[in-house]
>>> print(open('query_9.cif').read())   # mmCIF, C-alpha atoms
data_work
loop_
_atom_site.label_atom_id
_atom_site.label_comp_id
_atom_site.auth_asym_id
_atom_site.auth_seq_id
_atom_site.Cartn_x
_atom_site.Cartn_y
_atom_site.Cartn_z
CA MET W 504 -44.51 -41.51 -10.12
CA THR W 505 -42.25 -38.89 -8.53
CA GLN W 506 -41.69 -35.68 -10.46
CA THR W 507 -38.04 -34.73 -11.01
CA PRO W 508 -37.24 -31.70 -8.82
CA GLU W 509 -35.89 -28.54 -10.37
CA LEU W 510 -32.19 -27.84 -10.00
CA PRO W 511 -31.39 -24.65 -8.10
CA THR W 512 -30.33 -21.70 -10.16
CA ALA W 513 -26.95 -20.08 -9.70
CA GLU W 514 -28.47 -16.97 -8.11
CA PRO W 515 -31.81 -16.40 -6.42
CA THR W 516 -34.41 -14.87 -8.73
CA ALA W 517 -36.50 -11.84 -7.95
CA GLY W 518 -39.66 -14.00 -7.84
CA THR W 519 -40.89 -17.56 -8.23
CA GLU W 520 -43.10 -17.16 -11.27
CA ALA W 521 -40.31 -17.82 -13.76
CA GLY W 522 -39.37 -21.02 -11.99
CA ALA W 523 -42.98 -22.21 -11.92
CA ALA W 524 -43.38 -21.51 -15.63
CA THR W 525 -40.24 -23.50 -16.37
CA GLY W 526 -41.53 -26.44 -14.31
CA ALA W 527 -44.76 -26.42 -16.31
CA THR W 528 -42.99 -27.18 -19.57
CA GLY W 529 -43.19 -30.87 -18.83
CA ALA W 530 -42.54 -33.52 -16.28
CA GLY W 531 -38.88 -34.00 -15.69
CA ALA W 532 -37.88 -30.80 -17.53
CA VAL W 533 -34.78 -29.23 -16.03
CA PRO W 534 -34.43 -25.44 -16.24
CA ALA W 535 -31.22 -24.10 -17.75
CA PRO W 536 -29.00 -22.89 -14.92
CA ARG W 537 -28.29 -19.20 -14.84
CA ARG W 538 -24.73 -18.09 -15.32
CA ARG W 539 -23.27 -17.13 -11.96
CA ARG W 540 -22.11 -13.54 -11.92
CA PRO W 541 -18.90 -12.69 -10.07
CA HIS W 542 -19.64 -11.23 -6.66
CA ARG W 543 -19.56 -7.43 -6.64
CA ALA W 544 -16.82 -7.56 -3.99
CA TRP W 545 -14.36 -8.66 -6.66
CA SER W 546 -15.05 -5.62 -8.84
CA VAL W 547 -14.63 -3.33 -5.82
CA ALA W 548 -11.34 -5.07 -5.04
CA ALA W 549 -10.29 -4.58 -8.67
CA VAL W 550 -11.02 -0.83 -8.53
CA THR W 551 -9.13 -0.61 -5.23
CA PHE W 552 -6.19 -2.44 -6.81
CA LEU W 553 -6.09 -0.07 -9.78
CA THR W 554 -6.38 2.94 -7.48
CA LEU W 555 -3.45 1.79 -5.38
CA ILE W 556 -1.43 1.19 -8.55
CA GLY W 557 -2.02 4.80 -9.55
CA ALA W 558 -1.12 5.93 -6.06
CA ALA W 559 2.21 4.11 -6.29
CA GLY W 560 3.45 6.64 -8.84
CA PHE W 561 4.07 9.36 -6.27
CA ALA W 562 5.59 6.85 -3.83
CA SER W 563 8.12 5.89 -6.50
CA LEU W 564 9.48 9.37 -7.15
CA PRO W 565 11.39 10.56 -4.00
CA GLY W 566 14.34 8.18 -4.41
CA LEU W 567 14.79 9.43 -7.97
CA LEU W 568 14.83 13.09 -6.91
CA ILE W 569 17.66 13.08 -4.36
CA ASP W 570 20.53 13.46 -6.83
CA PRO W 571 18.73 15.84 -9.29
CA LEU W 572 17.58 18.18 -6.51
CA HIS W 573 21.02 18.08 -4.89
CA GLY W 574 22.58 18.94 -8.24
CA GLU W 575 20.18 21.77 -9.16
CA PHE W 576 19.54 23.48 -5.82
CA HIS W 577 22.63 22.29 -3.90
CA TRP W 578 20.43 21.17 -1.03
CA SER W 579 22.08 18.59 1.22
CA ARG W 580 20.87 15.02 1.09
CA GLY W 581 19.85 15.42 4.72
CA THR W 582 17.55 18.33 3.77
CA ILE W 583 15.98 16.36 0.93
CA GLY W 584 15.73 13.32 3.18
CA PHE W 585 13.92 15.47 5.76
CA ALA W 586 11.22 16.37 3.22
CA VAL W 587 10.83 12.68 2.38
CA SER W 588 10.68 11.84 6.08
CA VAL W 589 7.86 14.38 6.62
CA ASN W 590 6.01 12.73 3.72
CA LEU W 591 6.47 9.26 5.19
CA ALA W 592 5.56 10.31 8.74
CA LEU W 593 2.37 12.11 7.67
CA TYR W 594 1.52 9.16 5.43
CA GLY W 595 1.51 7.00 8.54
CA LEU W 596 -0.03 9.41 11.04
CA THR W 597 -2.92 10.24 8.69
CA ALA W 598 -3.85 6.59 8.12
CA PRO W 599 -5.81 5.91 11.35
CA PHE W 600 -7.81 9.11 10.96
CA ALA W 601 -8.44 8.25 7.31
CA ALA W 602 -9.93 4.90 8.32
CA ALA W 603 -12.28 6.71 10.69
CA LEU W 604 -13.08 9.33 8.02
CA MET W 605 -14.02 6.51 5.63
CA ASP W 606 -16.50 5.30 8.24
CA ARG W 607 -17.89 8.84 8.50
CA PHE W 608 -17.92 10.10 4.89
CA GLY W 609 -17.44 6.95 2.83
CA ILE W 610 -14.49 5.38 1.06
CA ARG W 611 -15.24 7.00 -2.28
CA ARG W 612 -15.24 10.61 -1.07
CA VAL W 613 -12.14 10.26 1.09
CA VAL W 614 -10.08 8.54 -1.63
CA ALA W 615 -11.15 10.99 -4.36
CA ALA W 616 -10.25 13.95 -2.16
CA ALA W 617 -6.90 12.37 -1.25
CA LEU W 618 -5.96 11.86 -4.89
CA THR W 619 -6.76 15.50 -5.64
CA VAL W 620 -4.56 16.72 -2.76
CA ILE W 621 -1.72 14.53 -4.04
CA ALA W 622 -2.07 15.97 -7.53
CA VAL W 623 -1.96 19.53 -6.18
CA GLY W 624 1.11 18.85 -4.03
CA SER W 625 3.04 17.11 -6.78
CA GLY W 626 2.12 19.77 -9.34
CA LEU W 627 3.27 22.64 -7.12
CA THR W 628 6.76 21.14 -6.74
CA VAL W 629 7.42 22.13 -10.35
CA PHE W 630 7.47 25.80 -9.27
CA MET W 631 9.48 25.49 -6.03
CA THR W 632 12.69 27.43 -5.46
CA SER W 633 13.36 26.82 -1.73
CA SER W 634 13.73 23.71 0.39
CA TRP W 635 10.80 24.68 2.65
CA GLN W 636 8.56 24.45 -0.40
CA LEU W 637 9.73 20.87 -0.98
CA VAL W 638 8.82 20.09 2.63
CA LEU W 639 5.39 21.75 2.24
CA TYR W 640 4.42 20.43 -1.19
CA TRP W 641 5.95 16.97 -1.23
CA GLY W 642 6.24 16.43 2.52
CA VAL W 643 2.94 17.81 3.81
CA LEU W 644 0.43 17.77 0.93
CA VAL W 645 1.52 14.55 -0.76
CA GLY W 646 2.06 12.97 2.66
CA LEU W 647 -1.44 13.83 3.85
CA GLY W 648 -3.03 12.72 0.60
CA SER W 649 -1.19 9.43 0.33
CA GLY W 650 -1.82 8.66 4.01
CA SER W 651 -5.54 9.07 3.44
CA MET W 652 -5.54 6.17 0.98
CA ALA W 653 -2.79 4.05 2.47
CA LEU W 654 -2.99 0.40 3.50
CA ALA W 655 -5.85 1.31 5.85
CA PHE W 656 -7.84 1.76 2.62
CA ALA W 657 -7.13 -1.86 1.68
CA ALA W 658 -7.93 -3.02 5.22
CA THR W 659 -11.26 -1.15 5.17
CA VAL W 660 -12.27 -2.61 1.80
CA THR W 661 -11.42 -6.18 2.79
CA GLY W 662 -13.11 -5.77 6.17
CA ARG W 663 -16.37 -4.55 4.62
CA TRP W 664 -16.58 -6.59 1.44
CA PHE W 665 -15.08 -9.97 2.38
CA THR W 666 -15.62 -12.53 5.13
CA GLU W 667 -13.82 -15.26 3.20
CA ARG W 668 -10.48 -15.00 1.35
CA ARG W 669 -9.54 -11.93 3.39
CA GLY W 670 -5.89 -12.91 3.63
CA LEU W 671 -5.64 -13.53 -0.10
CA VAL W 672 -7.41 -10.29 -1.03
CA THR W 673 -5.29 -8.33 1.45
CA GLY W 674 -2.18 -9.77 -0.18
CA ILE W 675 -3.41 -8.85 -3.65
CA LEU W 676 -4.30 -5.28 -2.66
CA THR W 677 -1.01 -4.86 -0.81
CA ALA W 678 0.79 -6.02 -3.95
CA ALA W 679 -0.84 -3.16 -5.86
CA GLY W 680 1.85 -0.82 -4.58
CA ALA W 681 4.50 -3.12 -5.99
CA SER W 682 2.61 -3.31 -9.28
CA GLY W 683 2.58 0.47 -9.45
CA GLN W 684 6.27 0.53 -8.64
CA LEU W 685 6.83 -1.86 -11.53
CA VAL W 686 4.91 0.44 -13.88
CA PHE W 687 6.13 3.83 -12.70
CA LEU W 688 9.76 3.39 -11.62
CA PRO W 689 11.23 2.62 -15.06
CA LEU W 690 9.07 5.31 -16.65
CA LEU W 691 9.89 7.99 -14.08
CA SER W 692 13.62 7.14 -14.05
CA TRP W 693 13.67 7.43 -17.85
CA ILE W 694 11.89 10.80 -17.65
CA VAL W 695 14.24 12.11 -14.93
CA ALA W 696 17.36 10.92 -16.78
CA GLY W 697 16.27 12.23 -20.18
CA HIS W 698 14.10 15.25 -19.44
CA GLY W 699 14.64 16.29 -15.83
CA TRP W 700 12.69 15.88 -12.61
CA ARG W 701 9.92 18.40 -13.39
CA PRO W 702 8.25 16.36 -16.17
CA ALA W 703 8.35 13.37 -13.79
CA ALA W 704 6.48 15.38 -11.14
CA VAL W 705 3.89 16.40 -13.75
CA THR W 706 3.48 12.74 -14.73
CA VAL W 707 2.68 11.88 -11.11
CA THR W 708 0.13 14.72 -11.00
CA LEU W 709 -1.64 13.48 -14.13
CA ALA W 710 -1.62 9.87 -12.87
CA ALA W 711 -3.30 10.89 -9.61
CA LEU W 712 -5.95 12.95 -11.42
CA ALA W 713 -6.66 10.14 -13.88
CA VAL W 714 -7.68 7.80 -11.06
CA VAL W 715 -10.23 10.22 -9.54
CA PRO W 716 -13.11 9.55 -12.00
CA LEU W 717 -12.45 5.81 -11.77
CA VAL W 718 -12.90 5.94 -8.00
CA TRP W 719 -15.97 8.17 -8.16
CA LEU W 720 -17.80 6.12 -10.77
CA LEU W 721 -16.96 2.54 -9.79
CA LEU W 722 -16.04 2.33 -6.11
CA ARG W 723 -18.80 1.66 -3.57
CA ASP W 724 -18.59 2.09 0.19
CA HIS W 725 -20.45 -0.99 1.44
CA PRO W 726 -22.05 -4.20 0.07
CA ALA W 727 -25.44 -2.95 1.25
CA ASP W 728 -25.13 -0.04 -1.21
CA VAL W 729 -25.64 -2.51 -4.06
CA GLY W 730 -27.93 -4.90 -2.17
CA VAL W 731 -25.54 -7.82 -1.65
CA ALA W 732 -23.98 -9.56 1.32
CA PRO W 733 -20.19 -9.48 1.81
CA TYR W 734 -18.35 -12.20 -0.09
CA GLY W 735 -18.59 -15.43 1.87
CA ALA W 736 -21.24 -14.15 4.30
CA THR W 737 -24.27 -16.33 4.93
CA GLU W 738 -26.63 -13.42 5.46
CA PHE W 739 -27.11 -9.81 4.43
CA VAL W 740 -25.22 -7.20 6.47
CA PRO W 741 -26.96 -3.82 6.75
CA LYS W 742 -24.84 -0.74 6.25
CA PRO W 743 -23.93 0.83 9.60
CA PRO W 744 -24.82 4.49 10.13
CA PRO W 745 -22.04 7.05 9.60
CA GLN W 746 -19.65 7.17 12.52
CA ARG W 747 -19.32 10.72 13.80
CA GLY W 748 -16.33 12.04 15.68
CA ALA W 749 -13.69 10.48 13.45
CA ALA W 750 -10.76 12.01 15.34
CA ARG W 751 -12.14 10.97 18.73
CA ARG W 752 -12.78 7.47 17.51
CA ALA W 753 -9.26 7.14 16.11
CA LEU W 754 -7.72 8.38 19.36
CA ARG W 755 -10.04 6.21 21.45
CA ALA W 756 -9.02 3.14 19.44
CA LEU W 757 -5.35 4.04 19.99
CA VAL W 758 -5.77 4.47 23.76
CA SER W 759 -7.63 1.18 24.02
CA ALA W 760 -5.14 -0.75 21.87
CA ALA W 761 -2.13 0.82 23.63
CA ARG W 762 -3.20 -0.92 26.83
CA THR W 763 -2.52 -4.30 25.25
CA GLY W 764 0.81 -6.00 24.63
CA PRO W 765 0.11 -7.18 21.07
CA PHE W 766 -0.28 -3.58 19.88
CA TRP W 767 3.25 -2.64 20.91
CA LEU W 768 4.69 -5.80 19.40
CA LEU W 769 2.91 -5.17 16.11
CA ALA W 770 3.74 -1.45 16.07
CA GLY W 771 7.38 -2.01 16.98
CA THR W 772 8.02 -4.69 14.40
CA PHE W 773 6.13 -2.76 11.74
CA ALA W 774 8.31 0.30 12.47
CA ILE W 775 11.33 -1.84 11.61
CA CYS W 776 9.49 -3.05 8.50
CA GLY W 777 8.96 0.54 7.34
CA ALA W 778 12.51 1.56 8.16
CA THR W 779 13.97 -1.22 6.03
CA THR W 780 11.63 -0.81 3.04
CA ASN W 781 10.14 2.63 2.37
CA GLY W 782 12.64 4.51 4.49
CA LEU W 783 15.83 2.81 3.37
CA VAL W 784 15.59 0.81 0.15
CA LYS W 785 12.89 2.77 -1.66
CA THR W 786 14.41 6.15 -0.72
CA HIS W 787 18.15 5.50 -0.78
CA PHE W 788 18.82 2.45 -2.95
CA VAL W 789 18.99 4.40 -6.22
CA PRO W 790 21.42 7.09 -4.96
CA ALA W 791 23.47 4.40 -3.14
CA ALA W 792 23.80 2.38 -6.35
CA HIS W 793 24.61 5.58 -8.23
CA ASP W 794 27.44 6.20 -5.74
CA HIS W 795 28.99 2.94 -6.99
CA GLY W 796 28.70 4.04 -10.64
CA MET W 797 25.45 2.30 -11.55
CA PRO W 798 23.24 4.37 -13.91
CA MET W 799 20.03 5.70 -12.37
CA THR W 800 17.87 3.87 -14.91
CA ALA W 801 19.55 0.55 -14.08
CA ALA W 802 19.12 1.06 -10.33
CA ALA W 803 15.49 2.09 -10.77
CA SER W 804 14.90 -1.00 -12.91
CA LEU W 805 16.24 -3.15 -10.07
CA LEU W 806 13.70 -1.52 -7.72
CA ALA W 807 11.01 -2.27 -10.29
CA VAL W 808 12.09 -5.93 -10.27
CA ILE W 809 11.65 -5.86 -6.50
CA GLY W 810 8.08 -4.83 -7.31
CA VAL W 811 7.61 -7.89 -9.52
CA PHE W 812 8.62 -10.32 -6.81
CA ASP W 813 6.84 -8.27 -4.17
CA ILE W 814 3.60 -9.13 -5.93
CA VAL W 815 4.43 -12.84 -5.78
CA GLY W 816 5.60 -12.67 -2.17
CA THR W 817 2.67 -10.62 -0.90
CA VAL W 818 -0.02 -12.71 -2.59
CA ALA W 819 1.71 -15.87 -1.34
CA SER W 820 1.87 -14.34 2.14
CA GLY W 821 -1.88 -13.70 2.00
CA TRP W 822 -2.41 -17.36 1.06
CA PHE W 823 -0.13 -18.46 3.93
CA THR W 824 -1.97 -16.14 6.32
CA ASP W 825 -5.23 -18.00 5.69
CA ARG W 826 -3.51 -21.29 6.61
CA PHE W 827 -0.59 -20.85 9.04
CA ASP W 828 0.27 -19.20 12.35
CA THR W 829 0.70 -15.52 11.49
CA ARG W 830 3.18 -14.92 14.34
CA ARG W 831 5.60 -17.49 13.00
CA LEU W 832 5.22 -16.08 9.50
CA LEU W 833 6.29 -12.64 10.72
CA ALA W 834 9.29 -14.08 12.59
CA VAL W 835 10.52 -15.78 9.41
CA TYR W 836 9.95 -12.70 7.25
CA TYR W 837 11.87 -10.33 9.53
CA GLY W 838 14.73 -12.74 10.13
CA LEU W 839 15.35 -13.31 6.43
CA ARG W 840 15.13 -9.59 5.67
CA GLY W 841 17.75 -8.72 8.29
CA LEU W 842 20.19 -11.27 6.92
CA SER W 843 19.77 -10.03 3.35
CA LEU W 844 20.51 -6.40 4.32
CA MET W 845 23.79 -7.48 5.91
CA PHE W 846 25.01 -8.65 2.50
CA LEU W 847 23.85 -5.68 0.40
CA PRO W 848 26.94 -3.43 0.88
CA LEU W 849 29.07 -6.23 -0.57
CA LEU W 850 26.87 -6.45 -3.68
CA LEU W 851 26.64 -2.83 -4.82
CA ALA W 852 28.71 -2.23 -7.97
CA ASP W 853 28.75 -0.22 -11.18
CA SER W 854 26.76 -2.88 -13.06
CA VAL W 855 24.12 -5.51 -12.44
CA HIS W 856 25.55 -8.95 -11.64
CA PRO W 857 23.97 -12.29 -10.58
CA PRO W 858 24.43 -11.93 -6.78
CA MET W 859 22.69 -8.52 -6.91
CA VAL W 860 19.84 -10.03 -8.94
CA PHE W 861 19.50 -12.76 -6.30
CA PHE W 862 19.29 -10.10 -3.57
CA ILE W 863 16.64 -8.19 -5.50
CA ILE W 864 14.52 -11.33 -5.96
CA PHE W 865 14.95 -12.39 -2.34
CA TYR W 866 14.21 -8.93 -0.94
CA GLY W 867 11.27 -8.49 -3.25
CA LEU W 868 9.61 -11.66 -2.02
CA ASP W 869 9.88 -10.33 1.55
CA TRP W 870 9.15 -6.64 0.84
CA VAL W 871 5.61 -6.28 2.22
CA ALA W 872 4.89 -9.92 2.93
CA THR W 873 4.53 -8.71 6.52
CA VAL W 874 1.30 -6.85 5.78
CA PRO W 875 -1.29 -9.68 5.46
CA PRO W 876 -0.32 -11.39 8.75
CA THR W 877 -0.12 -8.03 10.53
CA ILE W 878 -3.62 -7.06 9.36
CA ALA W 879 -4.88 -10.53 10.33
CA LEU W 880 -3.48 -10.14 13.85
CA CYS W 881 -5.05 -6.68 14.18
CA ARG W 882 -8.37 -8.15 13.07
CA ALA W 883 -8.08 -11.05 15.52
CA TYR W 884 -7.25 -8.83 18.51
CA TYR W 885 -9.24 -5.67 17.84
CA GLY W 886 -12.39 -6.67 15.94
CA GLU W 887 -14.47 -3.80 14.57
CA ASP W 888 -11.71 -1.28 15.32
CA SER W 889 -9.10 -3.38 13.53
CA ALA W 890 -8.82 -1.08 10.48
CA ILE W 891 -8.23 1.95 12.72
CA VAL W 892 -5.79 0.04 14.95
CA PHE W 893 -3.95 -1.14 11.85
CA GLY W 894 -3.85 2.51 10.81
CA TRP W 895 -1.90 3.26 14.01
CA VAL W 896 0.35 0.25 13.43
CA LEU W 897 0.92 1.62 9.92
CA ALA W 898 1.73 4.99 11.48
CA ALA W 899 4.54 3.27 13.39
CA HIS W 900 5.66 1.71 10.08
CA GLN W 901 5.90 5.14 8.47
CA VAL W 902 7.54 6.80 11.46
CA GLY W 903 10.23 4.13 11.25
CA ALA W 904 10.52 4.84 7.53
CA ALA W 905 10.70 8.60 8.16
CA VAL W 906 13.51 8.23 10.71
CA ILE W 907 15.66 6.15 8.36
CA ALA W 908 14.90 8.33 5.32
CA PHE W 909 16.25 11.32 7.26
CA LEU W 910 19.14 9.56 9.03
CA GLY W 911 20.14 7.82 5.81
CA GLY W 912 20.64 11.18 4.12
CA LEU W 913 22.58 12.52 7.13
CA ALA W 914 24.77 9.40 7.19
CA ARG W 915 25.57 9.80 3.50
CA ASP W 916 26.53 13.44 4.07
CA ALA W 917 28.66 12.54 7.12
CA PHE W 918 30.39 9.32 6.01
CA GLY W 919 30.27 9.62 2.23
CA THR W 920 28.67 6.16 2.03
CA TYR W 921 25.44 4.39 2.94
CA ASP W 922 27.16 1.29 4.35
CA PRO W 923 26.59 2.09 8.07
CA VAL W 924 22.86 2.48 7.39
CA TRP W 925 22.60 -0.91 5.63
CA TYR W 926 24.35 -2.69 8.51
CA ALA W 927 22.38 -0.90 11.24
CA SER W 928 19.06 -1.63 9.54
CA GLY W 929 19.99 -5.29 9.05
#
>>> encode(input="query_9.cif", output="structure tokens")
Amino acid sequence: MTQTPELPTAEPTAGTEAGAATGATGAGAVPAPRRRRPHRAWSVAAVTFLTLIGAAGFASLPGLLIDPLHGEFHWSRGTIGFAVSVNLALYGLTAPFAAALMDRFGIRRVVAAALTVIAVGSGLTVFMTSSWQLVLYWGVLVGLGSGSMALAFAATVTGRWFTERRGLVTGILTAAGASGQLVFLPLLSWIVAGHGWRPAAVTVTLAALAVVPLVWLLLRDHPADVGVAPYGATEFVPKPPPQRGAARRALRALVSAARTGPFWLLAGTFAICGATTNGLVKTHFVPAAHDHGMPMTAAASLLAVIGVFDIVGTVASGWFTDRFDTRRLLAVYYGLRGLSLMFLPLLLADSVHPPMVFFIIFYGLDWVATVPPTIALCRAYYGEDSAIVFGWVLAAHQVGAAVIAFLGGLARDAFGTYDPVWYASG
């Protein structure tokens, strides 16, 4: 008579004695299956998501400061736009070095240090009296800090902790910025409108500091640190030794990638992506709507709604990236975005109306849907250096954003309207 074999447990046990004892309870006895614990990669992804939500607070503030700073200090919109452009450019140019620094010092240390720098920069703006201080505090310090935990952070986490569901996880982590926008924009606009811009800057400082202990206590650099394989991997992956020469490695990856055509296509299109999102809409939509008589809180709420649909669009884009040709996805995303921008000048008014709501929903779905397929293409072409190469592609994204943030302010000063910028960007 054949003995009934034991069913496998949900996770391997530390030894075989427990299984043998269970089998001895009687012929045909079936051991109770162990409850499968979620893979540690999901908790790391959750901490990363929450960290990026906190980081979104300081990315939400510049567009709300243009009119208050212009009113208090009489700085031109071009001057304020220049400080924002420095922030956006450094955000991008820091990203590839940050990816290399994470390989050298670990994700946890780099992200914790970056959050602290952001808190210092945002806090110091409360005491500024000259425009150069805005450039230094908000442009340089907050730019360097935010660039050190930009999308390259998400790319590094997904590259280390996941071999399956990478597109989906990338979409979820990318959507964290939109989630933070949803949380912070209404709050910050209410603070600016009711109490001034300084309490809003302090709120950003406290939000950045609040995330630091969360990162330090819960984030881990590599699956091997907790003795597990990456999610979806069939075998254990040992932790690589620290990579020295972070700057050299980042520059070497750039030189190598710059010799290939796909890099310039990805960088060029991502520059347009940054120009039409962070540089234009996130920075200038609120003052542009205010020019048409719309209250700041209403305009900021519309940006927050973009954040809602950005989450849907980005997660869906990650799902599509796992299943469809990423090049065709990008072509569709950029084409639809350009068409929508052409219609925006016709929709701006002193109140919210259905066509504007349709634009907000449509634009939100396409906001950063470009990120998952772009990361996937970097990974396909550049392998182990993909996170650093994506950091350089992201740098192009932010340089495009910086150019439009600055030129948008100059155009408003010169023409008295943002309409030429909307049409040119479309």
>>> resolve_selection(input="query_9.cif", expression="the PyMOL selection byres ((chain W and resi 602-608) around 9)", output="PyMOL selection string")
chain W and resi 597-601+609-614+651-652+655-656+658-659+724+743-750+752-753+890-891+894
>>> closest_residue(input="query_9.cif", among="W:Phe576, W:Leu564, W:Trp664, W:Leu805", to="W:Thr632", atoms="only C-alpha atoms")
W:Phe576
>>> residues_around(input="query_9.cif", residues="W:Ser634", least_positions_apart="4", cutoff="8 Å", atoms="all atoms listed in the file", output="list in words")
Trp578, Thr582, Ile583 and Val638 of chain W
>>> residues_around(input="query_9.cif", residues="W:Leu722", least_positions_apart="5", cutoff="9 Å", atoms="all atoms listed in the file", output="short mmCIF file (atom, residue, chain, number, x, y, z; two decimals) with C-alpha atoms, in the frame of the given file")
data_model
loop_
_atom_site.label_atom_id
_atom_site.label_comp_id
_atom_site.auth_asym_id
_atom_site.auth_seq_id
_atom_site.Cartn_x
_atom_site.Cartn_y
_atom_site.Cartn_z
CA SER W 546 -15.05 -5.62 -8.84
CA VAL W 547 -14.63 -3.33 -5.82
CA ALA W 548 -11.34 -5.07 -5.04
CA VAL W 550 -11.02 -0.83 -8.53
CA THR W 551 -9.13 -0.61 -5.23
CA ILE W 610 -14.49 5.38 1.06
CA ARG W 611 -15.24 7.00 -2.28
CA LEU W 717 -12.45 5.81 -11.77
#
>>> resolve_selection(input="query_9.cif", expression="the PyMOL selection byres ((chain W and resi 586-594) around 7)", output="PyMOL selection string")
chain W and resi 565+582-585+595-598+637-638+641-643+645-647+649-650+901-902+904-906+908-909
>>> resolve_selection(input="query_9.cif", expression="the PyMOL selection byres ((chain W and resi 807) around 7)", output="PyMOL selection string")
chain W and resi 684-685+688-689+803-806+808-811
>>> atom_distance(input="query_9.cif", atom1="atom CA of W:Tyr885", atom2="atom CA of W:Phe773")
16.8 Å
>>> atom_distance(input="query_9.cif", atom1="atom CA of W:Gly796", atom2="atom CA of W:Leu851")
9.2 Å
>>> residues_around(input="query_9.cif", residues="W:Ala615", least_positions_apart="6", cutoff="7 Å", atoms="only C-alpha atoms", output="ChimeraX atom specification")
/W:715,718-719
>>> write_last_selection(input="query_9.cif", atoms="C-alpha atoms", output="PDB file, in the frame of the given file")
ATOM      1  CA  VAL W 715     -10.230  10.220  -9.540  1.00  0.00           C
ATOM      2  CA  VAL W 718     -12.900   5.940  -8.000  1.00  0.00           C
ATOM      3  CA  TRP W 719     -15.970   8.170  -8.160  1.00  0.00           C
TER       4      TRP W 719
END
>>> atom_distance(input="query_9.cif", atom1="atom CA of W:Tyr836", atom2="atom CA of W:Pro923")
22.3 Å
>>> residues_around(input="query_9.cif", residues="W:Ser843", least_positions_apart="6", cutoff="9 Å", atoms="all atoms listed in the file", output="ChimeraX atom specification")
/W:862,865-866,929
>>> closest_residue(input="query_9.cif", among="W:Ala927, W:Leu721, W:Val629, W:Ala761", to="W:Arg701", atoms="all atoms listed in the file")
W:Val629
>>> residues_around(input="query_9.cif", residues="W:Gly841", least_positions_apart="3", cutoff="9 Å", atoms="all atoms listed in the file", output="JSON, numbers by chain")
{"W": [779, 836, 837, 838, 844, 845, 926, 928, 929]}
>>> closest_residue(input="query_9.cif", among="W:Gly624, W:Gly648, W:Gly735, W:Pro765", to="W:Leu709", atoms="all atoms listed in the file")
W:Gly624
>>> closest_residue(input="query_9.cif", among="W:Phe630, W:Ala727, W:His787, W:Pro541", to="W:Leu913", atoms="all atoms listed in the file")
W:His787
>>> closest_residue(input="query_9.cif", among="W:Ala703, W:Val892, W:Ala819, W:Val860", to="W:Thr677", atoms="only C-alpha atoms")
W:Ala819
